[in-house]
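Peer 1: Take this structure first; my questions come after.
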Amino acid sequence: MKRTFQLLCVLFSAMLLMTACLSSDDSSGTYYDDVSVSSFTLGTLNRYLHTTSSKGGDSIYKSTFNGSNYPLTIDHLNREIYNRDSLPYGTDLKHVVCSLTTRNKGIPYFKSAQSDTLWLYSSSDSLDFSVERQLHIISSDGLHERQYKVRLTAKQLDGTKVIWTETDPLLSPFPLENQAVDWGEKEETNASRWPVAETCTMASWDYQFAQNTTYTLLIGSDADGHVVAWHRTTAADGQNGRWVFMTGSDMVEYLLPEGVVYSLVYYDGLAIAFGSNGLAYRSRDLGLSWREATAYQLPDGVSGRVEAAVDASGTLWLHSVATGQLWKAERSN
């Protein structure tokens, strides 16, 4: 009698399971064993950067940027997911929000960074990618699995320096000459401090204090030979703000040397000015103060005016105006 009751319980449970499957929202009732990641996108990420006060003291401020501007490569053959272009210097890799989709209803889990525990992925979770992570995609029937190694890299500044490699000038990314610039309006109070055209150099980057806004820094020498700096912001709709003069030695102790022609770029989270005196200078506070940047020392033997540029892949280039030589920068510990 007891055995008969057990059999009835099993049959009843099977009937309930079949009923649940038939009433499921998935009318096809299909399970897949071929699962994979179909997309993986980074969300809004945090950056922590240093700034220098007028007295030379360092402090840290937080900014954000859109991680989707840094696409990830999904290598299904080697089962790896990674970013080809390093994230900006100072990116917080310990708290990363991302979104991902899977093929054939695969269910994504991340393996814990401290143990073998698997955690169900949620788009609202903040994940630690300061170390390589394992992503597991499990089929909807729970019988099949595909694993990926996920790693993110950000530019590292501390303890590194630029190594210059001389390159064929035909590879030059410098179609910079004679480009038309919409100078727009400038602050009237200090209009006489506008730099002489031959000395102008500028760079633009995402403004950390306002979303969807570009910050542009302009430096050069005015008619009296003094180094001056101007800046403006540009909104996402393309409306340029007015150029604003950045005051000089009455407020800031660390200024760019005078009598030097500069080429300005934004690289590794810094404004970097390469001078015709053979030295490089960096600013952490949007161009207000400057210090010599020994990590970016120019190639040996370079003298006179140079042009610097950062291409779309984030590579830093340097061109000698006098000799036509071209160098490509690489980072080395």
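Residues are referred to by chain and number: the chain letter is A, B, ... according to the order shown in the structure tokens, the number counts from 1 in that chain, and ligands are numbered separately from 1 in the order shown.
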List every residue of range 16-238 of chain A that DSSP, applied to the backbone, labels as alpha helix (DSSP H), and write the result as a list in words.

Peer 2: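 Secondary structure check on range 16-238 of chain A, alpha helix (DSSP H): Leu16, Leu17, Met18, Thr19, Ala20, Cys21 and Leu22 of chain A.
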
Peer 1: Include N, CA and C atoms and write out the residues we just selected as a compact mmCIF listing (two decimals), in the first residue's frame.

Peer 2:
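The file below, again_32.txt, is the result:
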# COMPACT_ATOMS: atom_id res chain seq x y z
N LEU A 16 1.61 17.72 -12.63
CA LEU A 16 1.71 19.14 -12.30
C LEU A 16 2.80 19.82 -13.12
N LEU A 17 3.95 19.15 -13.30
CA LEU A 17 5.07 19.71 -14.06
C LEU A 17 4.69 19.91 -15.51
N MET A 18 4.00 18.92 -16.10
CA MET A 18 3.56 19.04 -17.50
C MET A 18 2.57 20.19 -17.64
N THR A 19 1.67 20.33 -16.67
CA THR A 19 0.67 21.41 -16.73
C THR A 19 1.36 22.76 -16.67
N ALA A 20 2.37 22.87 -15.79
CA ALA A 20 3.09 24.14 -15.66
C ALA A 20 3.81 24.49 -16.95
N CYS A 21 4.38 23.47 -17.60
CA CYS A 21 5.11 23.73 -18.85
C CYS A 21 4.17 24.19 -19.94
N LEU A 22 2.97 23.55 -20.00
CA LEU A 22 2.02 23.91 -21.05
C LEU A 22 1.43 25.29 -20.83

Peer 1: Would you list the contacts of Arg84 in chain A as a VMD selection string, taking every protein, DNA or RNA residue within 10 Å and counting only C-alpha atoms, but skipping same-chain residues closer than 4 positions in sequence?

Peer 2: chain A and resid 70 to 73 152 to 153 313

Peer 1: If you count only C-alpha atoms, which residues fall within 10 Å of Gly241 in chain A, apart from same-chain ones fewer than 5 positions away, as a ChimeraX atom specification?

Peer 2: /A:184-186,215-216,231-235

Peer 1: Can I get the selected residues back with N, CA and C atoms, as a short mmCIF file (atom, residue, chain, number, x, y, z; two decimals), in the first residue's frame?

Peer 2:
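Result file is out_23.cif:
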data_model
loop_
_atom_site.label_atom_id
_atom_site.label_comp_id
_atom_site.auth_asym_id
_atom_site.auth_seq_id
_atom_site.Cartn_x
_atom_site.Cartn_y
_atom_site.Cartn_z
N GLY A 184 34.38 81.73 -32.15
CA GLY A 184 33.24 82.19 -31.37
C GLY A 184 33.52 83.47 -30.60
N GLU A 185 32.77 83.65 -29.51
CA GLU A 185 32.90 84.86 -28.71
C GLU A 185 33.89 84.66 -27.57
N LYS A 186 34.52 85.75 -27.14
CA LYS A 186 35.41 85.67 -25.99
C LYS A 186 35.09 86.77 -25.00
N TYR A 215 34.94 70.22 -22.71
CA TYR A 215 35.78 71.30 -22.19
C TYR A 215 36.94 71.51 -23.17
N THR A 216 37.17 72.74 -23.60
CA THR A 216 38.26 73.06 -24.52
C THR A 216 39.21 74.05 -23.86
N HIS A 231 39.56 79.12 -21.75
CA HIS A 231 38.79 77.89 -21.84
C HIS A 231 37.34 78.21 -22.17
N ARG A 232 36.65 77.20 -22.67
CA ARG A 232 35.20 77.29 -22.89
C ARG A 232 34.60 75.89 -22.84
N THR A 233 33.30 75.83 -22.69
CA THR A 233 32.59 74.55 -22.70
C THR A 233 31.61 74.52 -23.87
N THR A 234 31.38 73.31 -24.37
CA THR A 234 30.46 73.11 -25.49
C THR A 234 29.44 72.06 -25.11
N ALA A 235 28.17 72.39 -25.20
CA ALA A 235 27.09 71.46 -24.85
C ALA A 235 26.90 70.44 -25.98
#

Peer 1: Can you tell me which residues surround Thr315 in chain A at a distance of at most 9 Å, considering only C-alpha atoms, apart from same-chain residues fewer than 2 positions away, and format the answer as a PyMOL selection string?

Peer 2: chain A and resi 267+309-313+317+328-330

Peer 1: Which distance in Å separates CA of Arg305 in chain A and CA of Trp243 in chain A, to one decimal?

Peer 2: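 Value for the CA of Arg305 in chain A-CA of Trp243 in chain A distance: 25.6 Å.
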
Peer 1: Compile the contact shell of Arg193 in chain A as a ChimeraX atom specification: residues with an atom at most 10 Å away, counting only C-alpha atoms, same-chain residues fewer than 2 positions apart removed.

Peer 2: /A:188-191,195-196,220-230,245

Peer 1: Write a file of the selected residues as an mmCIF file, in the first residue's frame, keeping N, CA, C and O atoms.

Peer 2:
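This is the output file part_23.cif:
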data_model
loop_
_atom_site.group_PDB
_atom_site.id
_atom_site.type_symbol
_atom_site.label_atom_id
_atom_site.label_comp_id
_atom_site.auth_asym_id
_atom_site.auth_seq_id
_atom_site.Cartn_x
_atom_site.Cartn_y
_atom_site.Cartn_z
ATOM 1 N N GLU A 188 35.053 89.891 -22.982
ATOM 2 C CA GLU A 188 35.500 91.212 -23.416
ATOM 3 C C GLU A 188 36.545 91.815 -22.465
ATOM 4 O O GLU A 188 37.470 92.505 -22.898
ATOM 5 N N THR A 189 36.418 91.535 -21.177
ATOM 6 C CA THR A 189 37.293 92.169 -20.184
ATOM 7 C C THR A 189 38.766 91.934 -20.484
ATOM 8 O O THR A 189 39.603 92.835 -20.338
ATOM 9 N N ASN A 190 39.101 90.712 -20.909
ATOM 10 C CA ASN A 190 40.502 90.360 -21.141
ATOM 11 C C ASN A 190 40.787 90.064 -22.610
ATOM 12 O O ASN A 190 41.706 89.304 -22.926
ATOM 13 N N ALA A 191 40.007 90.672 -23.504
ATOM 14 C CA ALA A 191 40.166 90.395 -24.930
ATOM 15 C C ALA A 191 41.578 90.720 -25.418
ATOM 16 O O ALA A 191 42.091 90.077 -26.349
ATOM 17 N N PRO A 195 45.709 85.073 -27.289
ATOM 18 C CA PRO A 195 47.030 84.694 -27.801
ATOM 19 C C PRO A 195 47.204 85.003 -29.289
ATOM 20 O O PRO A 195 46.248 84.982 -30.071
ATOM 21 N N VAL A 196 48.436 85.287 -29.653
ATOM 22 C CA VAL A 196 48.786 85.484 -31.057
ATOM 23 C C VAL A 196 48.550 84.181 -31.811
ATOM 24 O O VAL A 196 48.873 83.090 -31.319
ATOM 25 N N GLY A 220 48.640 79.816 -25.330
ATOM 26 C CA GLY A 220 49.507 80.487 -26.295
ATOM 27 C C GLY A 220 50.141 81.699 -25.636
ATOM 28 O O GLY A 220 50.075 81.868 -24.410
ATOM 29 N N SER A 221 50.753 82.540 -26.428
ATOM 30 C CA SER A 221 51.389 83.759 -25.923
ATOM 31 C C SER A 221 50.650 84.972 -26.445
ATOM 32 O O SER A 221 50.280 85.031 -27.627
ATOM 33 N N ASP A 222 50.428 85.956 -25.562
ATOM 34 C CA ASP A 222 49.744 87.168 -25.997
ATOM 35 C C ASP A 222 50.746 88.121 -26.670
ATOM 36 O O ASP A 222 51.931 87.797 -26.838
ATOM 37 N N ALA A 223 50.277 89.311 -27.036
ATOM 38 C CA ALA A 223 51.120 90.258 -27.774
ATOM 39 C C ALA A 223 52.330 90.708 -26.975
ATOM 40 O O ALA A 223 53.344 91.137 -27.552
ATOM 41 N N ASP A 224 52.261 90.592 -25.649
ATOM 42 C CA ASP A 224 53.381 90.983 -24.799
ATOM 43 C C ASP A 224 54.324 89.819 -24.490
ATOM 44 O O ASP A 224 55.279 89.981 -23.721
ATOM 45 N N GLY A 225 54.033 88.656 -25.056
ATOM 46 C CA GLY A 225 54.896 87.500 -24.836
ATOM 47 C C GLY A 225 54.586 86.690 -23.606
ATOM 48 O O GLY A 225 55.313 85.742 -23.280
ATOM 49 N N HIS A 226 53.492 87.021 -22.904
ATOM 50 C CA HIS A 226 53.120 86.272 -21.707
ATOM 51 C C HIS A 226 52.275 85.054 -22.092
ATOM 52 O O HIS A 226 51.399 85.147 -22.961
ATOM 53 N N VAL A 227 52.534 83.943 -21.443
ATOM 54 C CA VAL A 227 51.723 82.751 -21.681
ATOM 55 C C VAL A 227 50.340 82.959 -21.078
ATOM 56 O O VAL A 227 50.215 83.347 -19.911
ATOM 57 N N VAL A 228 49.312 82.726 -21.871
ATOM 58 C CA VAL A 228 47.934 82.897 -21.412
ATOM 59 C C VAL A 228 47.141 81.629 -21.705
ATOM 60 O O VAL A 228 47.494 80.837 -22.580
ATOM 61 N N ALA A 229 46.072 81.444 -20.948
ATOM 62 C CA ALA A 229 45.187 80.295 -21.133
ATOM 63 C C ALA A 229 43.742 80.762 -21.125
ATOM 64 O O ALA A 229 43.355 81.614 -20.322
ATOM 65 N N TRP A 230 42.967 80.215 -22.049
ATOM 66 C CA TRP A 230 41.536 80.479 -22.135
ATOM 67 C C TRP A 230 40.817 79.131 -22.178
ATOM 68 O O TRP A 230 41.367 78.127 -22.620
ATOM 69 N N PHE A 245 38.899 83.864 -19.931
ATOM 70 C CA PHE A 245 40.316 84.005 -19.636
ATOM 71 C C PHE A 245 40.638 83.373 -18.281
ATOM 72 O O PHE A 245 39.878 83.508 -17.327
#

Peer 1: Considering only strand (DSSP E) as DSSP defines it on the backbone, what residues of range 119-273 of chain A qualify? List them as number ranges by chain.

Peer 2: A: 119-120, 133-138, 145-151, 161-167, 201-206, 213-221, 227-235, 244-246, 262-267, 270-273

Peer 1: Residues at most 9 Å from Tyr109 in chain A, counting only C-alpha atoms, excluding those fewer than 3 positions away in the same chain, as a ChimeraX atom specification?

Peer 2: /A:118-122,134-138

Peer 1: Please produce a file of those selected residues containing N, CA and C atoms, as a PDB file, in the first residue's frame.

Peer 2:
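Generated output (selection_12.pdb):
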ATOM      1  N   LEU A 118      28.657  31.147  -7.613  1.00  0.00           N
ATOM      2  CA  LEU A 118      28.132  31.833  -8.785  1.00  0.00           C
ATOM      3  C   LEU A 118      26.992  32.749  -8.363  1.00  0.00           C
ATOM      4  N   TRP A 119      27.038  33.994  -8.873  1.00  0.00           N
ATOM      5  CA  TRP A 119      26.019  34.982  -8.541  1.00  0.00           C
ATOM      6  C   TRP A 119      25.241  35.339  -9.797  1.00  0.00           C
ATOM      7  N   LEU A 120      23.922  35.292  -9.709  1.00  0.00           N
ATOM      8  CA  LEU A 120      23.082  35.639 -10.841  1.00  0.00           C
ATOM      9  C   LEU A 120      23.294  37.105 -11.215  1.00  0.00           C
ATOM     10  N   TYR A 121      23.573  37.344 -12.489  1.00  0.00           N
ATOM     11  CA  TYR A 121      23.839  38.713 -12.959  1.00  0.00           C
ATOM     12  C   TYR A 121      22.580  39.576 -12.875  1.00  0.00           C
ATOM     13  N   SER A 122      22.797  40.835 -12.477  1.00  0.00           N
ATOM     14  CA  SER A 122      21.734  41.839 -12.496  1.00  0.00           C
ATOM     15  C   SER A 122      22.319  43.129 -13.059  1.00  0.00           C
ATOM     16  N   GLN A 134      35.135  35.612 -14.153  1.00  0.00           N
ATOM     17  CA  GLN A 134      34.587  34.540 -14.976  1.00  0.00           C
ATOM     18  C   GLN A 134      33.084  34.725 -15.103  1.00  0.00           C
ATOM     19  N   LEU A 135      32.621  34.707 -16.338  1.00  0.00           N
ATOM     20  CA  LEU A 135      31.199  34.798 -16.641  1.00  0.00           C
ATOM     21  C   LEU A 135      30.718  33.441 -17.131  1.00  0.00           C
ATOM     22  N   HIS A 136      29.669  32.926 -16.504  1.00  0.00           N
ATOM     23  CA  HIS A 136      29.104  31.637 -16.874  1.00  0.00           C
ATOM     24  C   HIS A 136      27.732  31.870 -17.500  1.00  0.00           C
ATOM     25  N   ILE A 137      27.513  31.342 -18.691  1.00  0.00           N
ATOM     26  CA  ILE A 137      26.201  31.390 -19.338  1.00  0.00           C
ATOM     27  C   ILE A 137      25.632  29.976 -19.303  1.00  0.00           C
ATOM     28  N   ILE A 138      24.544  29.811 -18.586  1.00  0.00           N
ATOM     29  CA  ILE A 138      23.945  28.490 -18.402  1.00  0.00           C
ATOM     30  C   ILE A 138      22.671  28.398 -19.226  1.00  0.00           C
TER      31      ILE A 138
END

Peer 1: Do you know which residues are at most 10 Å from Ser36 in chain A counting only C-alpha atoms, after dropping those on the same chain fewer than 3 positions away, and could you put them as a tab-separated table (two decimals) with C-alpha atoms, in the first residue's frame?

Peer 2:
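Output saved as result.tsv:
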chain	number	residue	atom	x	y	z
A	33	ASP	CA	22.01	24.10	-25.36
A	39	SER	CA	26.36	41.87	-26.25
A	74	ILE	CA	33.62	39.41	-27.46
A	76	HIS	CA	33.76	33.53	-28.80
A	79	ARG	CA	35.89	32.76	-24.80
A	101	THR	CA	22.45	39.99	-23.33
A	102	THR	CA	22.68	36.33	-24.19
A	103	ARG	CA	21.76	34.10	-27.09
A	104	ASN	CA	19.05	31.49	-26.81
A	105	LYS	CA	17.82	32.48	-23.35
A	106	GLY	CA	21.10	31.75	-21.62
A	107	ILE	CA	21.18	32.73	-17.95
A	108	PRO	CA	24.30	34.76	-16.95
A	136	HIS	CA	29.10	31.64	-16.87
A	137	ILE	CA	26.20	31.39	-19.34
A	138	ILE	CA	23.94	28.49	-18.40
A	139	SER	CA	21.34	27.11	-20.79
A	145	GLU	CA	27.24	25.98	-19.96
A	146	ARG	CA	29.68	28.35	-21.69
A	147	GLN	CA	32.32	30.29	-19.79
A	148	TYR	CA	34.05	33.57	-20.62

Peer 1: For Gly43 in chain A, which residue out of A:Leu255, A:Leu77, A:Cys98, A:Leu93 is the nearest one, using only C-alpha atoms?

Peer 2: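 Answer, going by the shortest atom-to-atom distance: A:Cys98.
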
Peer 1: With only C-alpha atoms as the atoms that count, which of A:Glu187, A:Ala203, A:Lys149, A:Val302 lies nearest to Ala322 in chain A?

Peer 2: A:Val302

Peer 1: Considering only C-alpha atoms, can you say which of A:Asp237, A:Glu198, A:Glu166, A:Asp128 comes closest to Thr213 in chain A?

Peer 2: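 Of A:Asp237, A:Glu198, A:Glu166, A:Asp128, the one nearest Thr213 in chain A is A:Asp237, counting only C-alpha atoms.
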